[in-house]
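For reference, structure.csv is printed below; it contains CSV, C-alpha atoms and all ligand atoms.
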chain,number,residue,atom,x,y,z
A,1,MET,CA,-21.2,0.6,-2.6
A,2,LEU,CA,-18.5,-1.6,-4.0
A,3,THR,CA,-18.9,-5.2,-2.9
A,4,ILE,CA,-16.2,-7.8,-3.2
A,5,LYS,CA,-17.4,-10.8,-5.1
A,6,SER,CA,-14.1,-12.6,-5.8
A,7,SER,CA,-10.4,-12.4,-5.1
A,8,GLU,CA,-7.6,-14.6,-6.2
A,9,PHE,CA,-3.9,-14.8,-6.1
A,10,ILE,CA,-2.5,-14.4,-9.6
A,11,LYS,CA,1.3,-14.6,-9.4
A,12,SER,CA,4.5,-13.4,-7.7
A,13,SER,CA,6.9,-11.5,-9.9
A,14,ALA,CA,10.6,-10.6,-9.3
A,15,ARG,CA,10.5,-7.8,-11.9
A,16,VAL,CA,8.0,-5.4,-13.4
A,17,ASP,CA,8.5,-7.2,-16.8
A,18,ASP,CA,7.1,-10.4,-15.3
A,19,CYS,CA,4.0,-8.8,-13.9
A,20,PRO,CA,0.6,-10.0,-15.3
A,21,LYS,CA,-0.3,-8.5,-18.7
A,22,ALA,CA,-4.1,-8.3,-18.5
A,23,PRO,CA,-5.4,-4.8,-18.9
A,24,PHE,CA,-6.8,-4.1,-15.5
A,25,PRO,CA,-6.4,-1.0,-13.3
A,26,GLU,CA,-4.0,-1.7,-10.5
A,27,PHE,CA,-3.5,-0.5,-6.9
A,28,ALA,CA,-0.3,-1.1,-5.0
A,29,PHE,CA,0.4,-1.3,-1.2
A,30,ILE,CA,3.7,-0.1,0.0
A,31,GLY,CA,5.4,0.8,3.2
A,32,ARG,CA,7.9,-0.4,5.7
A,33,SER,CA,8.2,-4.0,6.7
A,34,ASN,CA,5.6,-5.0,9.2
A,35,VAL,CA,3.4,-1.9,8.7
A,36,GLY,CA,0.4,-4.1,7.8
A,37,LYS,CA,0.4,-4.2,4.0
A,38,SER,CA,-0.7,-7.9,3.7
A,39,THR,CA,-3.2,-7.5,6.6
A,40,LEU,CA,-4.8,-4.5,4.9
A,41,ILE,CA,-5.2,-6.3,1.6
A,42,ASN,CA,-6.8,-9.3,3.4
A,43,MET,CA,-9.1,-6.9,5.3
A,44,LEU,CA,-10.2,-5.1,2.0
A,45,VAL,CA,-11.1,-8.4,0.3
A,46,ASN,CA,-12.5,-10.0,3.4
A,47,ARG,CA,-10.1,-13.0,3.3
A,48,LYS,CA,-8.0,-14.2,6.2
A,49,LYS,CA,-5.0,-15.5,4.3
A,50,LEU,CA,-5.1,-14.3,0.7
A,51,ALA,CA,-1.9,-12.2,1.2
A,52,LYS,CA,0.6,-13.9,3.5
A,53,THR,CA,1.1,-12.0,6.8
A,54,SER,CA,4.0,-12.4,9.1
A,55,SER,CA,5.2,-11.2,12.4
A,56,ALA,CA,8.7,-11.7,11.1
A,57,PRO,CA,9.4,-8.6,9.0
A,58,GLY,CA,10.9,-8.7,5.5
A,59,LYS,CA,9.3,-11.8,4.3
A,60,THR,CA,7.6,-10.6,1.1
A,61,GLN,CA,10.4,-10.1,-1.5
A,62,LEU,CA,8.3,-10.3,-4.6
A,63,ILE,CA,5.5,-8.3,-6.3
A,64,ASN,CA,2.4,-10.2,-5.5
A,65,HIS,CA,-0.6,-9.7,-7.7
A,66,PHE,CA,-4.2,-10.4,-6.6
A,67,LEU,CA,-7.2,-10.0,-8.9
A,68,VAL,CA,-10.4,-8.7,-7.4
A,69,ASN,CA,-13.9,-9.0,-8.9
A,70,ASN,CA,-12.1,-10.0,-12.2
A,71,SER,CA,-11.7,-6.2,-12.6
A,72,TRP,CA,-8.7,-4.8,-10.8
A,73,TYR,CA,-5.4,-5.8,-9.4
A,74,LEU,CA,-4.1,-5.3,-5.9
A,75,THR,CA,-0.3,-5.7,-5.4
A,76,ASP,CA,1.4,-6.5,-2.2
A,77,LEU,CA,4.9,-5.0,-2.5
A,78,PRO,CA,8.1,-5.9,-0.6
A,79,GLY,CA,8.5,-3.8,2.5
A,80,PHE,CA,11.4,-1.4,2.8
A,81,GLY,CA,13.4,0.0,5.7
A,82,PHE,CA,13.9,-3.3,7.6
A,83,ALA,CA,17.2,-2.8,9.5
A,84,LYS,CA,18.4,-6.4,9.5
A,85,VAL,CA,18.6,-6.8,5.7
A,86,PRO,CA,22.1,-6.4,4.1
A,87,LEU,CA,22.6,-3.1,2.2
A,88,LYS,CA,23.1,-4.9,-1.1
A,89,GLU,CA,19.7,-6.6,-0.7
A,90,LYS,CA,18.1,-3.3,0.3
A,91,LYS,CA,19.4,-1.6,-2.8
A,92,LYS,CA,18.1,-4.5,-5.0
A,93,TRP,CA,14.6,-4.2,-3.4
A,94,ASP,CA,14.6,-0.4,-3.7
A,95,GLN,CA,15.5,-0.6,-7.4
A,96,MET,CA,12.9,-3.3,-8.1
A,97,ILE,CA,10.1,-1.4,-6.3
A,98,LYS,CA,10.9,2.0,-7.9
A,99,GLN,CA,11.1,0.3,-11.4
A,100,TYR,CA,7.7,-1.2,-10.8
A,101,LEU,CA,6.2,2.1,-9.6
A,102,VAL,CA,7.6,4.1,-12.5
A,103,GLN,CA,7.0,1.5,-15.3
A,104,ARG,CA,3.8,-0.2,-14.4
A,105,LYS,CA,1.4,1.7,-16.7
A,106,GLN,CA,-1.9,0.6,-15.2
A,107,LEU,CA,-0.9,1.6,-11.7
A,108,MET,CA,-3.7,4.0,-10.7
A,109,CYS,CA,-2.7,4.7,-7.1
A,110,THR,CA,-0.3,3.5,-4.5
A,111,PHE,CA,-1.5,3.2,-1.0
A,112,PHE,CA,1.4,4.3,1.2
A,113,LEU,CA,1.1,2.7,4.6
A,114,ILE,CA,2.2,4.3,7.8
A,115,ASP,CA,1.8,2.9,11.4
A,116,ILE,CA,-0.5,5.4,13.1
A,117,ARG,CA,1.5,5.3,16.3
A,118,LEU,CA,4.7,6.7,14.7
A,119,LYS,CA,5.8,10.3,14.4
A,120,PRO,CA,6.7,11.3,10.8
A,121,GLN,CA,9.9,9.4,9.9
A,122,ALA,CA,12.5,10.5,7.4
A,123,ILE,CA,12.4,7.2,5.5
A,124,ASP,CA,8.7,7.6,4.8
A,125,MET,CA,9.0,11.4,4.0
A,126,ASN,CA,11.8,10.7,1.5
A,127,PHE,CA,9.8,8.0,-0.2
A,128,MET,CA,6.8,10.2,-0.6
A,129,GLN,CA,9.1,13.0,-1.9
A,130,TRP,CA,10.4,10.5,-4.5
A,131,MET,CA,6.8,9.6,-5.5
A,132,GLY,CA,6.0,13.3,-5.9
A,133,GLU,CA,9.0,14.0,-8.0
A,134,ASN,CA,8.1,11.2,-10.3
A,135,ARG,CA,4.4,12.3,-10.5
A,136,LEU,CA,3.2,9.1,-9.0
A,137,PRO,CA,-0.2,9.4,-7.3
A,138,PHE,CA,-0.4,7.9,-3.8
A,139,ALA,CA,-2.8,7.9,-0.8
A,140,ILE,CA,-1.5,7.8,2.7
A,141,THR,CA,-3.1,5.0,4.7
A,142,PHE,CA,-2.5,4.9,8.5
A,143,THR,CA,-2.6,1.3,9.8
A,144,LYS,CA,-3.2,-0.3,13.2
A,145,ALA,CA,-5.7,2.3,14.3
A,146,ASP,CA,-7.1,-0.3,16.8
A,147,LYS,CA,-3.9,0.1,18.8
A,148,ILE,CA,-4.6,3.7,20.0
A,149,ASN,CA,-7.7,5.5,21.1
A,150,LYS,CA,-9.8,8.1,19.2
A,151,THR,CA,-8.1,11.1,20.8
A,152,ASN,CA,-4.7,9.9,19.8
A,153,ILE,CA,-5.8,9.0,16.3
A,154,LYS,CA,-6.9,12.6,15.9
A,155,ALA,CA,-3.8,14.0,17.4
A,156,ASN,CA,-1.4,11.8,15.4
A,157,THR,CA,-3.2,12.4,12.1
A,158,ARG,CA,-3.3,16.1,12.7
A,159,ASN,CA,0.4,16.1,13.6
A,160,TYR,CA,1.2,14.1,10.4
A,161,LYS,CA,-0.8,16.5,8.3
A,162,ASN,CA,1.0,19.5,9.7
A,163,THR,CA,4.3,18.0,8.8
A,164,LEU,CA,3.1,17.1,5.3
A,165,SER,CA,1.8,20.6,4.8
A,166,LYS,CA,5.3,21.9,4.9
A,167,THR,CA,6.0,20.1,1.5
A,168,TRP,CA,2.6,19.1,0.1
A,169,GLU,CA,-0.1,21.3,-1.3
A,170,PRO,CA,-2.7,19.9,-1.7
A,171,LEU,CA,-2.2,17.0,0.7
A,172,PRO,CA,-2.6,13.5,-0.7
A,173,PRO,CA,-5.8,11.6,0.3
A,174,LEU,CA,-5.5,10.2,3.8
A,175,PHE,CA,-7.2,7.1,5.2
A,176,VAL,CA,-7.2,5.6,8.7
A,177,SER,CA,-7.4,1.8,8.8
A,178,SER,CA,-7.3,-1.2,11.0
A,179,GLY,CA,-7.0,-4.9,10.0
A,180,ILE,CA,-8.7,-5.8,13.2
A,181,THR,CA,-11.8,-3.6,13.2
A,182,ALA,CA,-12.0,-3.1,9.4
A,183,ALA,CA,-12.0,0.6,10.0
A,184,GLY,CA,-11.4,2.5,6.7
A,185,ARG,CA,-12.5,-0.4,4.6
A,186,ASN,CA,-15.5,1.3,2.9
A,187,GLU,CA,-13.5,4.5,2.3
A,188,ILE,CA,-10.6,2.8,0.7
A,189,LEU,CA,-12.7,0.5,-1.5
A,190,GLU,CA,-14.8,3.5,-2.6
A,191,TYR,CA,-11.6,5.4,-3.5
A,192,ILE,CA,-10.3,2.4,-5.4
A,193,TYR,CA,-13.6,2.2,-7.3
A,194,GLU,CA,-13.5,5.9,-8.2
A,195,CYS,CA,-9.9,5.7,-9.4
A,196,SER,CA,-10.5,2.5,-11.4
A,197,LYS,CA,-13.1,4.4,-13.5
A,198,LEU,CA,-10.3,6.7,-14.7
A,199,PHE,CA,-8.4,3.7,-16.2
A,200,ASP,CA,-7.8,4.0,-19.9
A,201,PRO,CA,-6.5,0.7,-21.4
A,202,GLU,CA,-4.9,2.8,-24.2
A,203,VAL,CA,-2.1,3.6,-21.8
A,204,LEU,CA,-0.9,0.0,-22.2
A,205,PHE,CA,-0.2,0.3,-26.0
B,1,LIG,N1,-3.5,-4.7,15.9
B,1,LIG,C1,-3.2,-4.7,14.6
B,1,LIG,N2,-2.2,-5.5,14.2
B,1,LIG,C2,-1.9,-5.5,12.8
B,1,LIG,C3,-2.7,-4.7,11.9
B,1,LIG,N3,-2.1,-4.8,10.7
B,1,LIG,C4,-1.1,-5.7,10.8
B,1,LIG,N4,-1.0,-6.1,12.1
B,1,LIG,C5,0.0,-7.0,12.6
B,1,LIG,O1,1.3,-6.6,12.3
B,1,LIG,C6,2.2,-7.6,11.8
B,1,LIG,C7,2.6,-7.4,10.4
B,1,LIG,O2,1.5,-7.4,9.5
B,1,LIG,P1,1.7,-7.7,7.9
B,1,LIG,O3,0.4,-7.5,7.3
B,1,LIG,O4,2.4,-9.0,7.7
B,1,LIG,O5,2.7,-6.5,7.5
B,1,LIG,P2,3.5,-6.3,6.2
B,1,LIG,O6,4.9,-6.8,6.4
B,1,LIG,O7,3.5,-4.8,5.9
B,1,LIG,O8,2.8,-7.1,5.1
B,1,LIG,C8,1.4,-8.9,12.0
B,1,LIG,O9,1.7,-9.5,13.2
B,1,LIG,C9,-0.1,-8.4,11.9
B,1,LIG,O10,-1.0,-9.2,12.6
B,1,LIG,C10,-3.8,-3.9,12.5
B,1,LIG,O11,-4.5,-3.1,11.8
B,1,LIG,N5,-4.0,-4.0,13.8
B,2,MG,MG,3.5,-8.6,3.9
Rewrite the structure from the file as structure tokens, please.
Ligand SMILES: Nc1nc2c(ncn2[C@@H]2O[C@H](COP(=O)(O)OP(=O)(O)O)[C@@H](O)[C@H]2O)c(=O)[nH]1
Ligand SMILES: [Mg+2]
Amino acid sequence: MLTIKSSEFIKSSARVDDCPKAPFPEFAFIGRSNVGKSTLINMLVNRKKLAKTSSAPGKTQLINHFLVNNSWYLTDLPGFGFAKVPLKEKKKWDQMIKQYLVQRKQLMCTFFLIDIRLKPQAIDMNFMQWMGENRLPFAITFTKADKINKTNIKANTRNYKNTLSKTWEPLPPLFVSSGITAAGRNEILEYIYECSKLFDPEVLF
């Protein structure tokens, strides 16, 4: 089992070119503002305030790098789809995020976060579509599982899978998580560990 021995904030970057250069495998967390990206990162590394969380959506506008066990990076990405942000800003974020996802060579997998209470939304489906078209591996991670009971967790994940099955075969990996109960923690860390073994530093040169 993967144990977390250390975690540290490395830097915030406005562009992919400014991201840290060390040759570590990387895992990104993306999703709509307020979905629980920062909370999930904190839960995974067992820290309360490593990644800044906020109940006011749209706060993280930079790519935030954290180094875990001196071995791999986690990145907390700016949330998308927050209604109160001007269109020009939205486009800037969209471009920045997509550039990062396409150009960041050590990115092994992106965890795509979805609030487990929501029905499939076009904005999320479109983003996954874009990831697929660009051959970018991602894993769906449902957040806030503590907010609904087991029956509804089952029903909602089944419903989501059914919708995904219309466009995806095979389905991407799927995790159910909670920042409150730490549900999903072992599964996600295990997945990160397995993916990190596939990292080849040669891709950086
Ligand atoms: N109950 C519950 N609340 C959560 C969970 N994850 C995040 N939140 C809350 O949702 C809000 C947004 O979380 P945050 O991690 O800042 O979202 P981000 O914008 O995606 O980084 C905060 O008020 C969190 O406390 C969770 O798993 N369970
Ligand atoms: Mg955040």
Report as CSV: every residue of chain A with an atom at most 12 Å from ligand MG 2 (chain B), its closest pair of atoms, and their distance in Å to one decimal, counting all atoms listed in the file, with rows sorted by chain and ascending residue number.
residue,atom,partner,partner_atom,distance
A:Phe29,CA,B:MG2,MG,9.4
A:Ile30,CA,B:MG2,MG,9.4
A:Gly31,CA,B:MG2,MG,9.6
A:Arg32,CA,B:MG2,MG,9.5
A:Ser33,CA,B:MG2,MG,7.1
A:Asn34,CA,B:MG2,MG,6.7
A:Val35,CA,B:MG2,MG,8.2
A:Gly36,CA,B:MG2,MG,6.7
A:Lys37,CA,B:MG2,MG,5.4
A:Ser38,CA,B:MG2,MG,4.3
A:Thr39,CA,B:MG2,MG,7.3
A:Leu40,CA,B:MG2,MG,9.3
A:Ile41,CA,B:MG2,MG,9.3
A:Asn42,CA,B:MG2,MG,10.3
A:Lys49,CA,B:MG2,MG,11.0
A:Leu50,CA,B:MG2,MG,10.8
A:Ala51,CA,B:MG2,MG,7.0
A:Lys52,CA,B:MG2,MG,6.1
A:Thr53,CA,B:MG2,MG,5.1
A:Ser54,CA,B:MG2,MG,6.5
A:Ser55,CA,B:MG2,MG,9.0
A:Ala56,CA,B:MG2,MG,9.4
A:Pro57,CA,B:MG2,MG,7.8
A:Gly58,CA,B:MG2,MG,7.6
A:Lys59,CA,B:MG2,MG,6.6
A:Thr60,CA,B:MG2,MG,5.4
A:Gln61,CA,B:MG2,MG,8.9
A:Leu62,CA,B:MG2,MG,9.9
A:Ile63,CA,B:MG2,MG,10.4
A:Asn64,CA,B:MG2,MG,9.6
A:Thr75,CA,B:MG2,MG,10.5
A:Asp76,CA,B:MG2,MG,6.8
A:Leu77,CA,B:MG2,MG,7.5
A:Pro78,CA,B:MG2,MG,7.0
A:Gly79,CA,B:MG2,MG,7.1
A:Phe80,CA,B:MG2,MG,10.7
A:Leu113,CA,B:MG2,MG,11.6
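Across A:Asp115, A:Glu187, A:Asp124, A:Asp200, the tightest approach to ligand LIG 1 (chain B) is made by A:Asp115 when counting all atoms listed in the file.
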Expected axis-aligned box over every listed atom of ligand LIG 1 (chain B), 4 Å added per side, centre plus edges in Å to one decimal, as AutoDock Vina command-line options:
--center_x 0.2 --center_y -6.3 --center_z 10.5 --size_x 17.4 --size_y 14.4 --size_z 18.8
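Atom pair atom P2 of ligand LIG 1 (chain B) / CA of Val45 (chain A): separated by 15.9 Å.
With distances restricted to only C-alpha atoms, A:Leu107 is the closest residue to Tyr73 (chain A) from A:Ala122, A:Leu107, A:Val102, A:Leu174.
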Select all residues near (-12.7, -4.5, 7.2) (cut-off 8 Å, inclusive, file coordinates), counting all atoms listed in the file, and output them as a short mmCIF file (atom, residue, chain, number, x, y, z; two decimals) with C-alpha atoms, keeping the file's coordinate frame.
data_model
loop_
_atom_site.label_atom_id
_atom_site.label_comp_id
_atom_site.auth_asym_id
_atom_site.auth_seq_id
_atom_site.Cartn_x
_atom_site.Cartn_y
_atom_site.Cartn_z
CA MET A 43 -9.10 -6.90 5.30
CA LEU A 44 -10.20 -5.10 2.00
CA ASN A 46 -12.50 -10.00 3.40
CA SER A 178 -7.30 -1.20 11.00
CA GLY A 179 -7.00 -4.90 10.00
CA ILE A 180 -8.70 -5.80 13.20
CA THR A 181 -11.80 -3.60 13.20
CA ALA A 182 -12.00 -3.10 9.40
CA ALA A 183 -12.00 0.60 10.00
CA GLY A 184 -11.40 2.50 6.70
CA ARG A 185 -12.50 -0.40 4.60
CA ASN A 186 -15.50 1.30 2.90
#
Distance CA of Val16 (chain A)-CA of Val203 (chain A), one decimal place?
15.9 Å
Rounded to one decimal place, report the CA of Glu202 (chain A)-CA of Asp17 (chain A) distance in Å.
18.3 Å
Point (-12.5, 0.3, -7.4), cut-off 12 Å, counting all atoms listed in the file, residues as a PDB file with C-alpha atoms, keeping the file's coordinate frame:
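And here's part.pdb as it stands now:
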ATOM      1  CA  MET A   1     -21.200   0.600  -2.600  1.00  0.00           C
ATOM      2  CA  LEU A   2     -18.500  -1.600  -4.000  1.00  0.00           C
ATOM      3  CA  THR A   3     -18.900  -5.200  -2.900  1.00  0.00           C
ATOM      4  CA  ILE A   4     -16.200  -7.800  -3.200  1.00  0.00           C
ATOM      5  CA  PHE A  24      -6.800  -4.100 -15.500  1.00  0.00           C
ATOM      6  CA  PRO A  25      -6.400  -1.000 -13.300  1.00  0.00           C
ATOM      7  CA  GLU A  26      -4.000  -1.700 -10.500  1.00  0.00           C
ATOM      8  CA  PHE A  27      -3.500  -0.500  -6.900  1.00  0.00           C
ATOM      9  CA  LEU A  44     -10.200  -5.100   2.000  1.00  0.00           C
ATOM     10  CA  VAL A  45     -11.100  -8.400   0.300  1.00  0.00           C
ATOM     11  CA  LEU A  67      -7.200 -10.000  -8.900  1.00  0.00           C
ATOM     12  CA  VAL A  68     -10.400  -8.700  -7.400  1.00  0.00           C
ATOM     13  CA  ASN A  69     -13.900  -9.000  -8.900  1.00  0.00           C
ATOM     14  CA  ASN A  70     -12.100 -10.000 -12.200  1.00  0.00           C
ATOM     15  CA  SER A  71     -11.700  -6.200 -12.600  1.00  0.00           C
ATOM     16  CA  TRP A  72      -8.700  -4.800 -10.800  1.00  0.00           C
ATOM     17  CA  TYR A  73      -5.400  -5.800  -9.400  1.00  0.00           C
ATOM     18  CA  LEU A  74      -4.100  -5.300  -5.900  1.00  0.00           C
ATOM     19  CA  MET A 108      -3.700   4.000 -10.700  1.00  0.00           C
ATOM     20  CA  CYS A 109      -2.700   4.700  -7.100  1.00  0.00           C
ATOM     21  CA  ASN A 186     -15.500   1.300   2.900  1.00  0.00           C
ATOM     22  CA  GLU A 187     -13.500   4.500   2.300  1.00  0.00           C
ATOM     23  CA  ILE A 188     -10.600   2.800   0.700  1.00  0.00           C
ATOM     24  CA  LEU A 189     -12.700   0.500  -1.500  1.00  0.00           C
ATOM     25  CA  GLU A 190     -14.800   3.500  -2.600  1.00  0.00           C
ATOM     26  CA  TYR A 191     -11.600   5.400  -3.500  1.00  0.00           C
ATOM     27  CA  ILE A 192     -10.300   2.400  -5.400  1.00  0.00           C
ATOM     28  CA  TYR A 193     -13.600   2.200  -7.300  1.00  0.00           C
ATOM     29  CA  GLU A 194     -13.500   5.900  -8.200  1.00  0.00           C
ATOM     30  CA  CYS A 195      -9.900   5.700  -9.400  1.00  0.00           C
ATOM     31  CA  SER A 196     -10.500   2.500 -11.400  1.00  0.00           C
ATOM     32  CA  LYS A 197     -13.100   4.400 -13.500  1.00  0.00           C
ATOM     33  CA  LEU A 198     -10.300   6.700 -14.700  1.00  0.00           C
ATOM     34  CA  PHE A 199      -8.400   3.700 -16.200  1.00  0.00           C
TER      35      PHE A 199
END
